[in-house]
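Trainee: What follows is a single structure, and I will ask about it in a moment.
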Amino acid sequence: MGRTAAVSGMLAWRAIILVRRMPSVFIPSLVMPLFILVATAGAFHGVGALPIGTSDYLAFTIPFATIMGAGFAGVNAGTTLARDIEGGFVDRLISSPAPRVSLVAGPFTAAGMRSLFTTTVVLIAGTIGGVAPPGVLGTIVVYVMAAGFGVATALWSMGVALRARTVQSAPLMQLVVFVSIFTSVAYAPRELQHGWLRTIADWNPVTRILEASRATELGGASWSDVWPGLGAIALLLAVLGAWALTGLRRLGRD
């Protein structure tokens, strides 16, 4: 366990300092959430007149932006792993005494840490836009929801990378993350959705994560609002963790 933690920590640090060496890997996860804040707050400003829990659509959008930024951080973990597989770095790790599970543990730890940074930037941008911070406990919930989703998307993306073994699989990683977010309550609460979108949103785990973060951001969160989000994160981590680990076993056999 000690060796696994040490190697995972070094791989996580390697992924973090990669931001300085290759800014293009990290910039999209920072720019996209800010773009969402600017674009949706202006284009959908009139939605604030509907019963969405607030008259300020910017406050309604902030949780969406933090989740999107975390999703990008998770996809970055998958694309970085795919690049390492193509470049032979993973082969060298597999042939070394390093525990193989660290190949997964390191990148998803880095993804969680990156999501904390993007969430901070989004919250600061929201404050500049006039949205009051949700308080200490509320801010913690927003960070937990974003980090949990970031780790979950990292596991999904790494599972794809371990099977495809090429960076060309990045569009598939992104597509699934985008679809999971946009078919949730990203733009409107479930009460205002109808038809097939409402049905998908009801079953989409991302809906619970967004609702927990949004209830906190809007100032009315209670434990009954937060625990479904925590449960959704636990479910995603269990399912996608198994997805990533089975991909790691296949890589070892091949």
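Chain labels follow the order of the structure tokens: the first chain is A, the next B, and so on; residue numbering restarts at 1 in every chain, and ligands are counted from 1 in their shown order.
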From range 3-242 of chain A, collect each residue whose DSSP state is alpha helix (DSSP H) and return the set as a ChimeraX atom specification.
Mentor: /A:3-21,23-43,57-87,89-94,102-128,136-164,170-182,195-203,205-217,223-242
Trainee: Near range 110-112 of chain A, counting only C-alpha atoms, which residues have an atom at most 9 Å away, once you skip same-chain residues fewer than 2 positions from it, shown as number ranges by chain?
Mentor: A: 9, 11-16, 70-77, 105-108, 114-116, 146-151, 153-154
Trainee: Would you export the selected residues with N, CA and C atoms as an mmCIF file, in the first residue's frame, please?
Mentor:
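The new file selection.cif reads:
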data_model
loop_
_atom_site.group_PDB
_atom_site.id
_atom_site.type_symbol
_atom_site.label_atom_id
_atom_site.label_comp_id
_atom_site.auth_asym_id
_atom_site.auth_seq_id
_atom_site.Cartn_x
_atom_site.Cartn_y
_atom_site.Cartn_z
ATOM 1 N N GLY A 9 1.306 8.980 -6.103
ATOM 2 C CA GLY A 9 1.560 10.387 -5.828
ATOM 3 C C GLY A 9 2.523 10.997 -6.827
ATOM 4 N N LEU A 11 3.034 9.944 -9.929
ATOM 5 C CA LEU A 11 2.355 10.048 -11.217
ATOM 6 C C LEU A 11 1.355 11.199 -11.221
ATOM 7 N N ALA A 12 0.702 11.421 -10.077
ATOM 8 C CA ALA A 12 -0.221 12.553 -9.984
ATOM 9 C C ALA A 12 0.544 13.866 -10.118
ATOM 10 N N TRP A 13 1.695 13.962 -9.454
ATOM 11 C CA TRP A 13 2.507 15.168 -9.553
ATOM 12 C C TRP A 13 3.013 15.371 -10.976
ATOM 13 N N ARG A 14 3.390 14.274 -11.639
ATOM 14 C CA ARG A 14 3.832 14.371 -13.035
ATOM 15 C C ARG A 14 2.714 14.928 -13.913
ATOM 16 N N ALA A 15 1.475 14.483 -13.675
ATOM 17 C CA ALA A 15 0.352 14.973 -14.470
ATOM 18 C C ALA A 15 0.075 16.445 -14.193
ATOM 19 N N ILE A 16 0.296 16.878 -12.962
ATOM 20 C CA ILE A 16 0.029 18.276 -12.611
ATOM 21 C C ILE A 16 1.072 19.202 -13.230
ATOM 22 N N ALA A 70 -14.692 20.209 -14.333
ATOM 23 C CA ALA A 70 -14.219 18.952 -13.757
ATOM 24 C C ALA A 70 -14.239 17.836 -14.793
ATOM 25 N N GLY A 71 -15.255 17.841 -15.661
ATOM 26 C CA GLY A 71 -15.313 16.829 -16.712
ATOM 27 C C GLY A 71 -14.144 16.938 -17.666
ATOM 28 N N PHE A 72 -13.771 18.160 -18.009
ATOM 29 C CA PHE A 72 -12.604 18.363 -18.865
ATOM 30 C C PHE A 72 -11.330 17.884 -18.176
ATOM 31 N N ALA A 73 -11.221 18.133 -16.882
ATOM 32 C CA ALA A 73 -10.047 17.660 -16.139
ATOM 33 C C ALA A 73 -9.965 16.138 -16.191
ATOM 34 N N GLY A 74 -11.104 15.467 -16.085
ATOM 35 C CA GLY A 74 -11.118 14.006 -16.167
ATOM 36 C C GLY A 74 -10.737 13.503 -17.541
ATOM 37 N N VAL A 75 -11.237 14.155 -18.582
ATOM 38 C CA VAL A 75 -10.884 13.761 -19.947
ATOM 39 C C VAL A 75 -9.394 13.959 -20.179
ATOM 40 N N ASN A 76 -8.823 15.029 -19.603
ATOM 41 C CA ASN A 76 -7.382 15.257 -19.739
ATOM 42 C C ASN A 76 -6.577 14.089 -19.180
ATOM 43 N N ALA A 77 -7.074 13.505 -18.085
ATOM 44 C CA ALA A 77 -6.385 12.344 -17.507
ATOM 45 C C ALA A 77 -6.368 11.185 -18.494
ATOM 46 N N ALA A 105 -4.553 5.160 -10.349
ATOM 47 C CA ALA A 105 -4.686 5.979 -9.144
ATOM 48 C C ALA A 105 -4.022 7.342 -9.291
ATOM 49 N N GLY A 106 -2.864 7.398 -9.923
ATOM 50 C CA GLY A 106 -2.156 8.662 -10.087
ATOM 51 C C GLY A 106 -2.916 9.668 -10.933
ATOM 52 N N PRO A 107 -3.315 9.302 -12.159
ATOM 53 C CA PRO A 107 -4.027 10.264 -13.009
ATOM 54 C C PRO A 107 -5.368 10.718 -12.447
ATOM 55 N N PHE A 108 -6.141 9.808 -11.807
ATOM 56 C CA PHE A 108 -7.431 10.301 -11.322
ATOM 57 C C PHE A 108 -7.268 11.177 -10.086
ATOM 58 N N ARG A 114 -6.957 18.964 -10.246
ATOM 59 C CA ARG A 114 -7.181 19.966 -11.293
ATOM 60 C C ARG A 114 -8.587 20.532 -11.207
ATOM 61 N N SER A 115 -9.564 19.689 -10.893
ATOM 62 C CA SER A 115 -10.943 20.166 -10.807
ATOM 63 C C SER A 115 -11.101 21.183 -9.683
ATOM 64 N N LEU A 116 -10.304 21.057 -8.630
ATOM 65 C CA LEU A 116 -10.362 22.042 -7.545
ATOM 66 C C LEU A 116 -9.935 23.412 -8.055
ATOM 67 N N ALA A 146 -17.789 18.729 -7.679
ATOM 68 C CA ALA A 146 -16.953 18.893 -8.869
ATOM 69 C C ALA A 146 -15.811 17.883 -8.880
ATOM 70 N N ALA A 147 -15.120 17.728 -7.745
ATOM 71 C CA ALA A 147 -13.997 16.789 -7.682
ATOM 72 C C ALA A 147 -14.476 15.356 -7.904
ATOM 73 N N GLY A 148 -15.613 15.005 -7.319
ATOM 74 C CA GLY A 148 -16.146 13.656 -7.512
ATOM 75 C C GLY A 148 -16.457 13.373 -8.962
ATOM 76 N N PHE A 149 -17.061 14.350 -9.653
ATOM 77 C CA PHE A 149 -17.358 14.151 -11.069
ATOM 78 C C PHE A 149 -16.076 14.117 -11.888
ATOM 79 N N GLY A 150 -15.091 14.937 -11.502
ATOM 80 C CA GLY A 150 -13.815 14.922 -12.214
ATOM 81 C C GLY A 150 -13.130 13.572 -12.121
ATOM 82 N N VAL A 151 -13.133 12.974 -10.939
ATOM 83 C CA VAL A 151 -12.524 11.649 -10.761
ATOM 84 C C VAL A 151 -13.293 10.601 -11.550
ATOM 85 N N THR A 153 -15.099 11.000 -14.315
ATOM 86 C CA THR A 153 -14.817 11.120 -15.746
ATOM 87 C C THR A 153 -13.385 10.696 -16.071
ATOM 88 N N ALA A 154 -12.478 10.875 -15.112
ATOM 89 C CA ALA A 154 -11.111 10.387 -15.325
ATOM 90 C C ALA A 154 -11.103 8.870 -15.439
#
Trainee: Out of A:Leu18, A:Leu34, A:Leu162, A:Ala6, which residue has the shortest atom-to-atom distance to Thr246 in chain A when counting only C-alpha atoms?
Mentor: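 Smallest separation from Thr246 in chain A among the options: A:Leu162.
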Trainee: Skip Leu235 in chain A itself and residues of its chain fewer than 2 positions away, then list as a ChimeraX atom specification all residues within 12 Å of it, counting only C-alpha atoms.
Mentor: /A:148-149,152,204-206,208-209,228-233,237-242
Trainee: Would you save the residues from that selection as a PDB file, in the first residue's frame, using N, CA and C atoms?
Mentor:
ATOM      1  N   GLY A 148     -15.613  15.005  -7.319  1.00  0.00           N
ATOM      2  CA  GLY A 148     -16.146  13.656  -7.512  1.00  0.00           C
ATOM      3  C   GLY A 148     -16.457  13.373  -8.962  1.00  0.00           C
ATOM      4  N   PHE A 149     -17.061  14.350  -9.653  1.00  0.00           N
ATOM      5  CA  PHE A 149     -17.358  14.151 -11.069  1.00  0.00           C
ATOM      6  C   PHE A 149     -16.076  14.117 -11.888  1.00  0.00           C
ATOM      7  N   ALA A 152     -14.636  10.691 -11.535  1.00  0.00           N
ATOM      8  CA  ALA A 152     -15.450   9.720 -12.266  1.00  0.00           C
ATOM      9  C   ALA A 152     -15.175   9.792 -13.765  1.00  0.00           C
ATOM     10  N   ASN A 204     -30.288   9.998 -14.961  1.00  0.00           N
ATOM     11  CA  ASN A 204     -28.904  10.406 -15.157  1.00  0.00           C
ATOM     12  C   ASN A 204     -28.260  10.744 -13.810  1.00  0.00           C
ATOM     13  N   PRO A 205     -27.184  10.044 -13.407  1.00  0.00           N
ATOM     14  CA  PRO A 205     -26.540  10.355 -12.124  1.00  0.00           C
ATOM     15  C   PRO A 205     -26.012  11.783 -12.041  1.00  0.00           C
ATOM     16  N   VAL A 206     -25.655  12.365 -13.186  1.00  0.00           N
ATOM     17  CA  VAL A 206     -25.139  13.732 -13.184  1.00  0.00           C
ATOM     18  C   VAL A 206     -26.209  14.708 -12.706  1.00  0.00           C
ATOM     19  N   ARG A 208     -28.260  14.305 -10.196  1.00  0.00           N
ATOM     20  CA  ARG A 208     -28.184  14.397  -8.733  1.00  0.00           C
ATOM     21  C   ARG A 208     -26.977  15.226  -8.290  1.00  0.00           C
ATOM     22  N   ILE A 209     -25.864  15.081  -9.003  1.00  0.00           N
ATOM     23  CA  ILE A 209     -24.661  15.841  -8.662  1.00  0.00           C
ATOM     24  C   ILE A 209     -24.898  17.334  -8.879  1.00  0.00           C
ATOM     25  N   PRO A 228     -28.188  12.691  -2.241  1.00  0.00           N
ATOM     26  CA  PRO A 228     -28.311  12.038  -3.555  1.00  0.00           C
ATOM     27  C   PRO A 228     -27.107  12.302  -4.449  1.00  0.00           C
ATOM     28  N   GLY A 229     -26.520  13.501  -4.343  1.00  0.00           N
ATOM     29  CA  GLY A 229     -25.316  13.783  -5.125  1.00  0.00           C
ATOM     30  C   GLY A 229     -24.151  12.925  -4.697  1.00  0.00           C
ATOM     31  N   LEU A 230     -23.979  12.760  -3.386  1.00  0.00           N
ATOM     32  CA  LEU A 230     -22.910  11.894  -2.889  1.00  0.00           C
ATOM     33  C   LEU A 230     -23.135  10.445  -3.322  1.00  0.00           C
ATOM     34  N   GLY A 231     -24.399  10.008  -3.279  1.00  0.00           N
ATOM     35  CA  GLY A 231     -24.710   8.650  -3.714  1.00  0.00           C
ATOM     36  C   GLY A 231     -24.435   8.448  -5.193  1.00  0.00           C
ATOM     37  N   ALA A 232     -24.750   9.471  -6.006  1.00  0.00           N
ATOM     38  CA  ALA A 232     -24.477   9.373  -7.442  1.00  0.00           C
ATOM     39  C   ALA A 232     -22.980   9.291  -7.713  1.00  0.00           C
ATOM     40  N   ILE A 233     -22.190  10.068  -6.970  1.00  0.00           N
ATOM     41  CA  ILE A 233     -20.730  10.005  -7.132  1.00  0.00           C
ATOM     42  C   ILE A 233     -20.215   8.626  -6.746  1.00  0.00           C
ATOM     43  N   LEU A 237     -18.227   6.131  -9.246  1.00  0.00           N
ATOM     44  CA  LEU A 237     -16.874   5.678  -8.927  1.00  0.00           C
ATOM     45  C   LEU A 237     -16.797   4.154  -8.910  1.00  0.00           C
ATOM     46  N   ALA A 238     -17.836   3.487  -8.403  1.00  0.00           N
ATOM     47  CA  ALA A 238     -17.834   2.029  -8.356  1.00  0.00           C
ATOM     48  C   ALA A 238     -17.877   1.432  -9.768  1.00  0.00           C
ATOM     49  N   VAL A 239     -18.803   1.938 -10.593  1.00  0.00           N
ATOM     50  CA  VAL A 239     -18.976   1.386 -11.937  1.00  0.00           C
ATOM     51  C   VAL A 239     -17.784   1.735 -12.833  1.00  0.00           C
ATOM     52  N   LEU A 240     -17.398   3.004 -12.839  1.00  0.00           N
ATOM     53  CA  LEU A 240     -16.316   3.428 -13.717  1.00  0.00           C
ATOM     54  C   LEU A 240     -14.953   2.991 -13.197  1.00  0.00           C
ATOM     55  N   GLY A 241     -14.832   2.805 -11.885  1.00  0.00           N
ATOM     56  CA  GLY A 241     -13.602   2.241 -11.345  1.00  0.00           C
ATOM     57  C   GLY A 241     -13.395   0.813 -11.839  1.00  0.00           C
ATOM     58  N   ALA A 242     -14.478   0.028 -11.852  1.00  0.00           N
ATOM     59  CA  ALA A 242     -14.389  -1.324 -12.396  1.00  0.00           C
ATOM     60  C   ALA A 242     -14.057  -1.295 -13.885  1.00  0.00           C
TER      61      ALA A 242
END
Trainee: Please identify all polymer residues within 10 Å of Ile85 in chain A, counting only C-alpha atoms, omitting same-chain residues fewer than 4 positions from it, and present them as a short mmCIF file (atom, residue, chain, number, x, y, z; two decimals) with C-alpha atoms, in the first residue's frame.
Mentor:
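Below is the file around-v6.cif, written as the result:
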data_model
loop_
_atom_site.label_atom_id
_atom_site.label_comp_id
_atom_site.auth_asym_id
_atom_site.auth_seq_id
_atom_site.Cartn_x
_atom_site.Cartn_y
_atom_site.Cartn_z
CA THR A 79 -5.84 11.66 -23.06
CA THR A 80 -2.60 11.95 -21.08
CA LEU A 81 -2.68 8.21 -20.34
CA PHE A 89 5.99 5.33 -20.94
CA VAL A 90 3.31 2.92 -19.72
CA ASP A 91 5.26 -0.07 -21.06
CA ARG A 92 8.25 0.99 -18.98
CA ALA A 161 -7.53 4.88 -23.19
CA LEU A 162 -6.49 1.49 -21.80
CA ALA A 164 -8.08 1.95 -27.45
CA ARG A 165 -4.41 2.73 -26.59
CA THR A 166 -4.38 5.78 -28.82
CA VAL A 167 -4.96 9.47 -28.26
CA LEU A 251 -3.38 -4.11 -20.82
#
Trainee: CA of Ser169 in chain A and CA of Val144 in chain A, how far apart in Å?
Mentor: 28.0 Å
Trainee: Could you state the separation of CA of Met173 in chain A and CA of Met68 in chain A in Å, given to one decimal place?
Mentor: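 Between CA of Met173 in chain A and CA of Met68 in chain A the gap is 13.4 Å.
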Trainee: Leaving out range 175-186 of chain A and any residue of its chain fewer than 2 positions from it, which residues lie within 8 Å of it when counting only C-alpha atoms, given as a count of residues only?
Mentor: 20
Trainee: What gap, in Å, lies between CA of Val131 in chain A and CA of Leu192 in chain A?
Mentor: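 Value for the CA of Val131 in chain A-CA of Leu192 in chain A distance: 23.2 Å.
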Trainee: Residues near Thr4 in chain A, anyone? I mean within 9 Å using only C-alpha atoms, not counting same-chain ones fewer than 4 positions away, as a PyMOL selection string.
Mentor: chain A and resi 8-9+98-102+105
Trainee: Just the selected residues (N, CA and C atoms), exported as a PDB file, in the first residue's frame, please.
Mentor:
ATOM      1  N   SER A   8       1.705   6.391  -7.000  1.00  0.00           N
ATOM      2  CA  SER A   8       0.525   7.130  -7.452  1.00  0.00           C
ATOM      3  C   SER A   8       0.716   8.623  -7.237  1.00  0.00           C
ATOM      4  N   GLY A   9       1.306   8.980  -6.103  1.00  0.00           N
ATOM      5  CA  GLY A   9       1.560  10.387  -5.828  1.00  0.00           C
ATOM      6  C   GLY A   9       2.523  10.997  -6.827  1.00  0.00           C
ATOM      7  N   ALA A  98       6.822  -1.101 -10.122  1.00  0.00           N
ATOM      8  CA  ALA A  98       5.742  -0.211  -9.691  1.00  0.00           C
ATOM      9  C   ALA A  98       4.394  -0.927  -9.766  1.00  0.00           C
ATOM     10  N   PRO A  99       3.536  -0.789  -8.755  1.00  0.00           N
ATOM     11  CA  PRO A  99       2.209  -1.417  -8.787  1.00  0.00           C
ATOM     12  C   PRO A  99       1.401  -0.890  -9.975  1.00  0.00           C
ATOM     13  N   ARG A 100       0.770  -1.786 -10.696  1.00  0.00           N
ATOM     14  CA  ARG A 100       0.052  -1.362 -11.900  1.00  0.00           C
ATOM     15  C   ARG A 100      -1.151  -0.491 -11.585  1.00  0.00           C
ATOM     16  N   VAL A 101      -1.758  -0.690 -10.437  1.00  0.00           N
ATOM     17  CA  VAL A 101      -2.938   0.106 -10.095  1.00  0.00           C
ATOM     18  C   VAL A 101      -2.590   1.587  -9.999  1.00  0.00           C
ATOM     19  N   SER A 102      -1.315   1.907  -9.790  1.00  0.00           N
ATOM     20  CA  SER A 102      -0.907   3.313  -9.726  1.00  0.00           C
ATOM     21  C   SER A 102      -1.089   4.011 -11.061  1.00  0.00           C
ATOM     22  N   ALA A 105      -4.553   5.160 -10.349  1.00  0.00           N
ATOM     23  CA  ALA A 105      -4.686   5.979  -9.144  1.00  0.00           C
ATOM     24  C   ALA A 105      -4.022   7.342  -9.291  1.00  0.00           C
TER      25      ALA A 105
END
Trainee: Name the closest residue to Leu37 in chain A among the candidates A:Val122, A:Ala5, A:Gly247, A:Ala234; distances are taken between atoms, counting only C-alpha atoms.
Mentor: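 Between A:Val122, A:Ala5, A:Gly247, A:Ala234, the residue approaching Leu37 in chain A most closely is A:Val122.
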Trainee: My list of candidates is A:Thr109, A:Ser213, A:Thr119, A:Ser96. Which is closest to Met32 in chain A when distances are computed with only C-alpha atoms?
Mentor: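 Result for the nearest residue to Met32 in chain A: A:Thr119.
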